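Visitor: Data file input.cif (mmCIF, C-alpha atoms) is appended below.
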data_data
loop_
_atom_site.label_atom_id
_atom_site.label_comp_id
_atom_site.auth_asym_id
_atom_site.auth_seq_id
_atom_site.Cartn_x
_atom_site.Cartn_y
_atom_site.Cartn_z
CA MET N 1 14.83 20.77 22.94
CA ALA N 2 15.66 17.92 20.59
CA PHE N 3 14.58 14.45 21.68
CA LYS N 4 16.48 11.22 21.41
CA PHE N 5 14.49 7.99 21.10
CA LEU N 6 15.19 4.27 21.20
CA ILE N 7 12.98 1.89 19.20
CA VAL N 8 13.13 -1.75 20.32
CA ASP N 9 11.44 -4.19 17.94
CA ASP N 10 12.59 -7.37 16.21
CA SER N 11 10.98 -6.36 12.89
CA SER N 12 13.07 -4.00 10.78
CA ILE N 13 9.84 -3.00 9.05
CA VAL N 14 8.29 -1.88 12.31
CA ARG N 15 11.39 0.06 13.30
CA LYS N 16 11.49 1.85 9.94
CA VAL N 17 7.75 2.60 9.99
CA LEU N 18 7.94 4.00 13.51
CA THR N 19 10.98 6.07 12.58
CA ARG N 20 9.08 7.40 9.57
CA THR N 21 6.04 8.17 11.72
CA ILE N 22 8.17 10.04 14.27
CA GLY N 23 9.63 11.97 11.34
CA MET N 24 6.11 13.06 10.40
CA THR N 25 5.58 14.74 13.79
CA ASP N 26 6.54 18.30 14.67
CA LEU N 27 8.84 17.00 17.38
CA GLU N 28 12.45 18.05 17.19
CA VAL N 29 14.42 14.82 17.10
CA SER N 30 18.20 14.62 17.46
CA GLU N 31 18.58 10.88 16.97
CA ILE N 32 16.62 7.64 16.77
CA ILE N 33 18.49 4.52 17.85
CA GLU N 34 17.23 1.05 16.92
CA ALA N 35 17.58 -2.29 18.67
CA GLU N 36 16.22 -5.66 17.54
CA ASN N 37 15.59 -7.03 21.04
CA GLY N 38 15.79 -6.13 24.71
CA GLN N 39 19.36 -7.32 25.17
CA VAL N 40 20.65 -5.21 22.28
CA ALA N 41 18.70 -2.27 23.70
CA LEU N 42 20.33 -2.66 27.12
CA ASP N 43 23.74 -2.83 25.48
CA LYS N 44 23.05 0.39 23.59
CA LEU N 45 21.76 2.12 26.71
CA LYS N 46 25.15 1.59 28.36
CA ASN N 47 26.53 4.23 26.01
CA ASP N 48 23.46 6.26 25.01
CA TRP N 49 20.95 8.14 27.11
CA VAL N 50 17.52 8.48 25.47
CA ASP N 51 14.43 10.48 26.37
CA ILE N 52 11.90 7.74 25.62
CA ILE N 53 12.03 4.04 24.74
CA PHE N 54 9.42 2.69 22.31
CA LEU N 55 9.19 -1.01 23.14
CA ASP N 56 7.65 -4.06 21.47
CA ILE N 57 6.51 -6.97 23.65
CA ASN N 58 7.11 -10.13 21.62
CA MET N 59 10.78 -10.42 20.67
CA PRO N 60 13.39 -13.19 20.59
CA VAL N 61 16.43 -13.26 22.93
CA MET N 62 14.91 -10.79 25.43
CA ASN N 63 11.26 -9.80 25.18
CA GLY N 64 9.63 -6.60 26.37
CA ILE N 65 8.71 -7.89 29.82
CA GLU N 66 12.19 -9.28 30.47
CA PHE N 67 13.67 -5.99 29.28
CA MET N 68 11.47 -4.01 31.67
CA GLU N 69 12.42 -6.27 34.58
CA VAL N 70 16.12 -5.60 33.98
CA LEU N 71 15.62 -1.89 33.29
CA ARG N 72 13.71 -1.26 36.50
CA LYS N 73 16.47 -2.88 38.58
CA ASP N 74 19.15 -0.68 37.02
CA GLU N 75 19.82 2.36 39.22
CA THR N 76 20.82 4.50 36.24
CA LEU N 77 18.06 3.50 33.83
CA LYS N 78 15.12 2.68 36.10
CA ASP N 79 13.29 5.98 35.59
CA MET N 80 13.62 6.08 31.82
CA PRO N 81 10.13 6.42 30.28
CA VAL N 82 8.98 3.38 28.29
CA VAL N 83 6.09 3.37 25.83
CA ILE N 84 4.75 0.05 24.58
CA VAL N 85 3.96 -0.06 20.86
CA SER N 86 2.06 -3.23 20.08
CA THR N 87 -1.15 -4.91 19.04
CA GLU N 88 -0.86 -7.10 22.13
CA GLY N 89 -4.14 -7.58 23.96
CA SER N 90 -3.18 -10.05 26.65
CA LYS N 91 -4.55 -8.78 29.95
CA ASP N 92 -1.88 -10.62 31.95
CA ARG N 93 0.99 -9.21 29.96
CA ILE N 94 -0.31 -5.66 29.98
CA ALA N 95 -0.95 -5.88 33.72
CA ARG N 96 2.59 -7.15 34.25
CA LEU N 97 4.00 -4.30 32.14
CA GLU N 98 1.95 -1.77 34.12
CA GLN N 99 3.41 -3.22 37.33
CA LEU N 100 6.83 -2.70 35.80
CA GLY N 101 6.04 0.94 35.20
CA ILE N 102 5.37 1.38 31.51
CA ARG N 103 4.29 4.97 30.98
CA ALA N 104 1.98 4.56 27.97
CA TYR N 105 0.60 2.01 25.56
CA LEU N 106 0.19 2.78 21.85
CA ARG N 107 -1.77 0.41 19.67
CA LYS N 108 -0.57 -0.04 16.09
CA PRO N 109 -0.86 1.60 13.68
CA VAL N 110 0.51 4.61 15.51
CA SER N 111 -0.23 8.06 14.12
CA PRO N 112 2.10 11.07 14.31
CA GLU N 113 -0.51 12.78 16.50
CA HIS N 114 -0.46 9.88 18.99
CA ILE N 115 3.31 10.02 19.21
CA THR N 116 3.38 13.79 19.65
CA SER N 117 0.77 13.83 22.40
CA THR N 118 2.37 10.86 24.20
CA VAL N 119 5.90 12.26 24.06
CA LEU N 120 4.86 15.73 25.16
CA SER N 121 2.69 14.50 28.01
CA LEU N 122 5.42 12.19 29.29
CA LEU N 123 8.27 14.64 29.02
CA GLU N 124 6.28 17.59 30.32
CA GLY N 125 5.41 15.37 33.28
CA GLU N 126 9.10 14.70 33.79
CA ASN N 127 9.83 18.41 33.97
CA LYS N 128 7.16 19.24 36.55
CA MET P 1 -20.69 -5.87 11.50
CA LYS P 2 -19.11 -7.03 8.25
CA SER P 3 -19.23 -3.52 6.78
CA GLU P 4 -17.27 -2.21 9.79
CA LEU P 5 -14.61 -4.85 9.27
CA VAL P 6 -14.43 -4.09 5.58
CA SER P 7 -13.91 -0.39 6.25
CA THR P 8 -11.44 -1.00 9.11
CA ALA P 9 -9.27 -3.24 6.92
CA ALA P 10 -9.41 -0.74 4.06
CA GLN P 11 -8.44 2.06 6.43
CA ILE P 12 -5.39 0.12 7.66
CA LEU P 13 -4.29 -0.57 4.09
CA GLU P 14 -4.70 3.12 3.27
CA THR P 15 -3.16 4.68 6.37
CA TRP P 16 -0.55 2.14 7.42
CA GLY P 17 0.21 0.57 4.04
CA MET P 18 -0.20 3.84 2.12
CA PHE P 19 -2.24 2.22 -0.67
CA LEU P 20 -5.10 3.46 -2.76
CA VAL P 21 -7.73 0.88 -1.85
CA ASP P 22 -10.89 -0.26 -3.62
CA ARG P 23 -13.21 -3.15 -2.93
CA SER P 24 -12.69 -5.86 -5.48
CA GLU P 25 -14.99 -8.44 -7.01
CA ASP P 26 -15.28 -11.53 -4.84
CA SER P 27 -13.49 -13.96 -7.08
CA LEU P 28 -10.32 -16.00 -7.30
CA GLN P 29 -9.94 -14.51 -10.75
CA ILE P 30 -8.55 -11.33 -9.23
CA PHE P 31 -5.25 -13.19 -8.70
CA GLU P 32 -2.64 -14.15 -11.27
CA THR P 33 -2.70 -17.93 -11.17
CA ASN P 34 0.92 -18.30 -12.35
CA SER P 35 2.36 -16.16 -9.55
CA PRO P 36 3.02 -17.56 -6.05
CA PHE P 37 0.54 -16.88 -3.27
CA TYR P 38 1.63 -15.76 0.17
CA LEU P 39 -0.54 -16.54 3.18
CA ALA P 40 0.01 -14.56 6.38
CA GLU P 41 -1.86 -15.94 9.35
CA LEU P 42 -2.33 -15.03 13.00
CA GLN P 43 -4.46 -16.62 15.69
CA PHE P 44 -6.08 -14.86 18.62
CA ASN P 45 -7.28 -16.30 21.91
CA GLY P 46 -9.38 -14.76 24.62
CA GLU P 47 -13.09 -14.65 25.25
CA PHE P 48 -13.35 -15.65 21.60
CA SER P 49 -10.74 -17.34 19.50
CA GLY P 50 -10.07 -17.51 15.82
CA THR P 51 -7.75 -16.74 12.96
CA TYR P 52 -7.10 -13.82 10.65
CA GLN P 53 -5.53 -14.54 7.28
CA VAL P 54 -4.16 -12.37 4.50
CA VAL P 55 -3.55 -13.68 0.98
CA ALA P 56 -1.49 -11.65 -1.45
CA GLN P 57 1.03 -12.03 -4.23
CA ARG P 58 4.51 -10.71 -4.76
CA ASN P 59 3.50 -7.52 -6.59
CA PHE P 60 1.40 -6.47 -3.61
CA VAL P 61 4.25 -7.17 -1.19
CA ASP P 62 6.72 -5.28 -3.37
CA SER P 63 4.40 -2.26 -3.33
CA LEU P 64 3.92 -2.55 0.44
CA VAL P 65 7.67 -2.67 1.06
CA SER P 66 8.21 0.22 -1.32
CA ASN P 67 5.57 2.27 0.52
CA LEU P 68 6.94 1.41 3.97
CA LEU P 69 10.67 1.35 3.40
CA GLY P 70 11.22 2.98 0.03
CA LEU P 71 12.94 -0.14 -1.30
CA GLU P 72 12.91 -1.03 -5.00
CA LYS P 73 11.47 -4.47 -5.71
CA GLU P 74 14.89 -5.81 -6.75
CA ALA P 75 16.04 -5.18 -3.17
CA VAL P 76 13.14 -7.06 -1.56
CA ASP P 77 14.26 -10.48 -0.30
CA GLU P 78 12.15 -13.26 1.21
CA LYS P 79 12.91 -12.13 4.78
CA THR P 80 11.59 -8.66 3.99
CA VAL P 81 8.50 -10.23 2.39
CA ASN P 82 8.00 -12.25 5.55
CA ASP P 83 8.50 -9.24 7.84
CA ALA P 84 6.16 -7.01 5.83
CA LEU P 85 3.32 -9.53 5.65
CA SER P 86 3.77 -10.50 9.31
CA GLU P 87 3.42 -6.91 10.39
CA LEU P 88 0.48 -6.33 8.06
CA VAL P 89 -1.50 -9.25 9.50
CA ASN P 90 -0.47 -8.18 13.01
CA VAL P 91 -1.72 -4.61 12.57
CA LEU P 92 -4.85 -5.75 10.74
CA SER P 93 -5.69 -8.32 13.43
CA GLY P 94 -5.33 -5.90 16.32
CA ASN P 95 -7.59 -3.38 14.64
CA LEU P 96 -10.14 -5.88 13.33
CA LEU P 97 -10.45 -7.34 16.83
CA THR P 98 -11.17 -3.90 18.26
CA SER P 99 -13.63 -3.20 15.47
CA GLN P 100 -15.33 -6.52 16.02
CA PHE P 101 -15.36 -6.83 19.80
CA GLY P 102 -14.68 -3.33 21.12
CA ASP P 103 -11.85 -1.92 23.21
CA ASP P 104 -12.64 -3.74 26.43
CA LEU P 105 -12.07 -7.34 25.43
CA VAL P 106 -8.45 -8.45 25.57
CA PHE P 107 -6.82 -11.10 23.45
CA ALA P 108 -3.50 -12.83 23.12
CA LEU P 109 -2.18 -12.83 19.58
CA THR P 110 0.14 -15.54 18.30
CA THR P 111 3.27 -14.71 16.34
CA PRO P 112 2.30 -14.23 12.67
CA GLU P 113 3.27 -16.97 10.23
CA VAL P 114 3.90 -16.42 6.54
CA LYS P 115 4.12 -19.20 3.97
CA LYS P 116 3.68 -19.79 0.28
CA VAL P 117 0.49 -21.66 -0.53
CA SER P 118 -1.09 -23.27 -3.57
CA PHE P 119 -4.05 -22.04 -5.57
CA ASP P 120 -6.13 -24.85 -4.01
CA GLU P 121 -5.36 -23.59 -0.52
CA VAL P 122 -6.32 -20.07 -1.53
CA SER P 123 -9.63 -21.34 -2.89
CA LYS P 124 -10.37 -22.83 0.57
CA ILE P 125 -9.87 -19.40 2.13
CA PHE P 126 -12.58 -18.07 -0.17
CA GLN P 127 -14.99 -20.45 1.57
CA LYS P 128 -14.47 -18.53 4.85
CA ASN P 129 -15.75 -15.11 5.82
CA HIS P 130 -13.55 -12.91 3.64
CA PHE P 131 -13.28 -9.60 1.83
CA CYS P 132 -11.37 -8.74 -1.32
CA TYR P 133 -9.60 -5.50 -2.19
CA LYS P 134 -7.42 -4.02 -4.84
CA ALA P 135 -4.59 -2.05 -3.24
CA ASP P 136 -2.82 0.02 -5.88
CA ASP P 137 -4.49 -2.41 -8.30
CA GLU P 138 -2.92 -5.46 -6.64
CA PRO P 139 -5.31 -8.03 -5.15
CA ILE P 140 -5.42 -8.83 -1.46
CA VAL P 141 -7.89 -11.00 0.43
CA ILE P 142 -8.47 -10.82 4.18
CA ALA P 143 -10.29 -13.67 5.88
CA CYS P 144 -11.48 -14.14 9.44
CA ASP P 145 -12.47 -17.39 11.00
CA ILE P 146 -14.00 -16.94 14.43
CA ASP P 147 -14.93 -19.59 16.95
CA SER P 148 -18.45 -20.80 16.19
CA SER P 149 -19.59 -19.84 19.69
CA PHE P 150 -19.46 -16.19 18.58
#
Using C-alpha cells, write down the structure from this file.
Guide:
Amino acid sequence: MAFKFLIVDDSSIVRKVLTRTIGMTDLEVSEIIEAENGQVALDKLKNDWVDIIFLDINMPVMNGIEFMEVLRKDETLKDMPVVIVSTEGSKDRIARLEQLGIRAYLRKPVSPEHITSTVLSLLEGENK
Amino acid sequence: MKSELVSTAAQILETWGMFLVDRSEDSLQIFETNSPFYLAELQFNGEFSGTYQVVAQRNFVDSLVSNLLGLEKEAVDEKTVNDALSELVNVLSGNLLTSQFGDDLVFALTTPEVKKVSFDEVSKIFQKNHFCYKADDEPIVIACDIDSSF
C-alpha cells in the first residue's frame, strides 16, 4: 500500500527536509502534498485525501491549533490522523492539541526510523 | 553539563545539517571579518528562561541550504537564508533544552529571529556561554544565555 502524506509548515526548508526524511524511509509513498499554513491545508484537503497529516504548530494565517479545531468539526476529515512535528514545549499548547486528538508528537529533528514507526503504528491501528 | 551541550549541538549539525563537524578554537579569528555576520536567536520561557543564539556567515548558510535543499549558492536568496537559520536555531534550541533540562520540563519557544550583525555585536556573544565549531570548515558559534536563577 502506498501512502499519501500532507506536510503543513510555513517554512519551505522544513517541508523539504521532512519530504527528504520520508524519502529515506522504507515506506511506499505515492505522493507528498505541501501546505504553508492550516488554511492552505484545508483547501487542499477538499480535493485530496491523505493518510497522515504532519503538522507544525506555529504558522501565520492559521496555526496548528486553529487547523485542528476546524478539522475535528469537519464530518469528512475529523478522523484523519495528525502528527505534530515541532520543537514546541508549551504544556498548554500540547495539552490543547491532545484534547483535539493529535495522534503523535515528533520532536525535531525527525529521523526516518521515527517516521516509519509512527506511520506504521498509526495506520496499523486504523486497520484493526 | 557543558560537554553534553557541545556534543548535542554537534550531533544536530551532523545529523540534521549533514555537516562534518569539528570543535574549533575559541576565538573571533575563526570568522572572516570582511564577510557579514548572521545572528539567529530564539528565546525560551518556562521554569527557566533564556536565549539561544547562532552566529554564522554566508558560506556556512550556503552549505546548509545546499545540504538541506540541494540548491546552488547562486540560488540562495535572503529569505532562504532566513528560513534556514531560523530552522537551525529552532532545532538546536529544542534539543539543547532537552539535553540541559531533561524531557519532563516544558518550555514555550519564541519565533526565531535572524538579522545581520556587526563584528562588535559578535564579540559580545563571545562573552556569553558559547561553543565554537567548524562545520565543513565554516565557522559557527552557538551561545546560550540562561536565567541567572539556574
Visitor: Going by the chain IDs and residue numbers used in this file, which residues fall under the PyMOL selection byres ((chain P) within 9 of (chain N))? Write them as a ChimeraX atom specification.
Guide: /P:12,15-16,45-46,65,68-69,80,83-84,87,90-95,105-109,111
Visitor: Grab all the atoms of segment 129-139 of chain P that the file lists, wrap them in a box along x, y and z, add 3 Å per side, and give me centre plus edge lengths in Å (one decimal) as JSON.
Guide:
{"center_x": -9.3, "center_y": -7.5, "center_z": -1.2, "size_x": 18.9, "size_y": 21.1, "size_z": 20.1}
Visitor: Could you state the separation of atom CA of Ser118 of chain P and atom CA of Ser63 of chain P in Å, given to one decimal place?
Guide: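 Atom CA of Ser63 of chain P lies at a distance of 21.7 Å from atom CA of Ser118 of chain P.
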Visitor: Please list as a ChimeraX atom specification every residue within 9 Å of Ser35 of chain P, counting all atoms listed in the file and excluding residues in the same chain fewer than 4 positions away.
Guide: /P:31,57-58
Visitor: Going by the chain IDs and residue numbers used in this file, which residues fall under the PyMOL selection byres ((chain P and resi 126) around 9)? Write them as a compact mmCIF listing (two decimals) with C-alpha atoms, in the coordinates of the input.
Guide:
# COMPACT_ATOMS: atom_id res chain seq x y z
CA ASP P 26 -15.28 -11.53 -4.84
CA SER P 27 -13.49 -13.96 -7.08
CA LEU P 28 -10.32 -16.00 -7.30
CA VAL P 122 -6.32 -20.07 -1.53
CA SER P 123 -9.63 -21.34 -2.89
CA LYS P 124 -10.37 -22.83 0.57
CA ILE P 125 -9.87 -19.40 2.13
CA GLN P 127 -14.99 -20.45 1.57
CA LYS P 128 -14.47 -18.53 4.85
CA ASN P 129 -15.75 -15.11 5.82
CA HIS P 130 -13.55 -12.91 3.64
CA PHE P 131 -13.28 -9.60 1.83
CA VAL P 141 -7.89 -11.00 0.43
CA ALA P 143 -10.29 -13.67 5.88
Visitor: Between atom CA of Phe60 of chain P and atom CA of His114 of chain N, what distance in Å does the model show, to one decimal?
Guide: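 Between atom CA of Phe60 of chain P and atom CA of His114 of chain N the gap is 28.0 Å.
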Visitor: Could you work out how far atom CA of Ala135 of chain P lies from atom CA of Glu72 of chain P, giving the answer in Å with one decimal?
Guide: 17.6 Å
Visitor: Where does the PyMOL selection byres ((chain N and resi 7) around 9) land in this file, that is, which residues does it pick, as a ChimeraX atom specification?
Guide: /N:5-6,8-9,15,18-19,32-36,41,52-56
Visitor: Quick one: residues within 7 Å of Phe3 of chain N, all atoms listed in the file counted, chain neighbours fewer than 2 positions away excluded, as an mmCIF file with C-alpha atoms, in the frame of the given file?
Guide:
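For reference, result_12.cif as written:
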data_model
loop_
_atom_site.group_PDB
_atom_site.id
_atom_site.type_symbol
_atom_site.label_atom_id
_atom_site.label_comp_id
_atom_site.auth_asym_id
_atom_site.auth_seq_id
_atom_site.Cartn_x
_atom_site.Cartn_y
_atom_site.Cartn_z
ATOM 1 C CA MET N 1 14.830 20.770 22.940
ATOM 2 C CA PHE N 5 14.490 7.990 21.100
ATOM 3 C CA GLU N 28 12.450 18.050 17.190
ATOM 4 C CA VAL N 29 14.420 14.820 17.100
ATOM 5 C CA SER N 30 18.200 14.620 17.460
ATOM 6 C CA ASP N 51 14.430 10.480 26.370
#
Visitor: If we count only C-alpha atoms, what is near Lys134 of chain P at a cut-off of 10 Å, once residues fewer than 6 positions away on the same chain are taken out, given as an MDAnalysis selection string?
Guide: chainID P and resid 10 19:25 30 60 140:141
Visitor: Quick one: residues within 10 Å of Glu4 of chain P, all atoms listed in the file, excluding same-chain residues fewer than 6 positions away - as JSON, numbers by chain?
Guide: {"P": [10, 96, 99, 100]}
Visitor: Extract, using only C-alpha atoms, all DNA, RNA and protein residues at most 6 Å from segment 104-106 of chain N, discarding same-chain residues fewer than 3 positions from it, and format them as a list in words.
Guide: Val83, Ile84 and Val85 of chain N
Visitor: What would the list of residues within 12 Å of (16.2, -11.8, 31.9) (file frame) look like as a PyMOL selection string, if only C-alpha atoms are what count?
Guide: chain N and resi 37-39+42+60-73
Visitor: Using all atoms listed in the file, which of the listed residues (P:Asn34, P:Tyr133, P:Asp62, P:Glu78) sits closest to Gln11 of chain P?
Guide: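 The answer is P:Tyr133, which sits nearest to Gln11 of chain P.
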Visitor: Smallest atom-to-atom distance to Tyr38 of chain P: which of P:Cys132, P:Val6, P:Met18, P:Val114, using only C-alpha atoms?
Guide: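 Closest to Tyr38 of chain P of all the choices is P:Val114.
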Visitor: Place a sphere of radius 6 Å on (6.5, 12.6, 14.5) in the file coordinates and name every protein, DNA or RNA residue with an atom inside or on its surface, counting all atoms listed in the file; give the answer as a PDB file with C-alpha atoms, in the coordinates of the input.
Guide:
ATOM      1  CA  THR N  21       6.040   8.170  11.720  1.00  0.00           C
ATOM      2  CA  ILE N  22       8.170  10.040  14.270  1.00  0.00           C
ATOM      3  CA  GLY N  23       9.630  11.970  11.340  1.00  0.00           C
ATOM      4  CA  MET N  24       6.110  13.060  10.400  1.00  0.00           C
ATOM      5  CA  THR N  25       5.580  14.740  13.790  1.00  0.00           C
ATOM      6  CA  ASP N  26       6.540  18.300  14.670  1.00  0.00           C
ATOM      7  CA  LEU N  27       8.840  17.000  17.380  1.00  0.00           C
ATOM      8  CA  PRO N 112       2.100  11.070  14.310  1.00  0.00           C
TER       9      PRO N 112
END
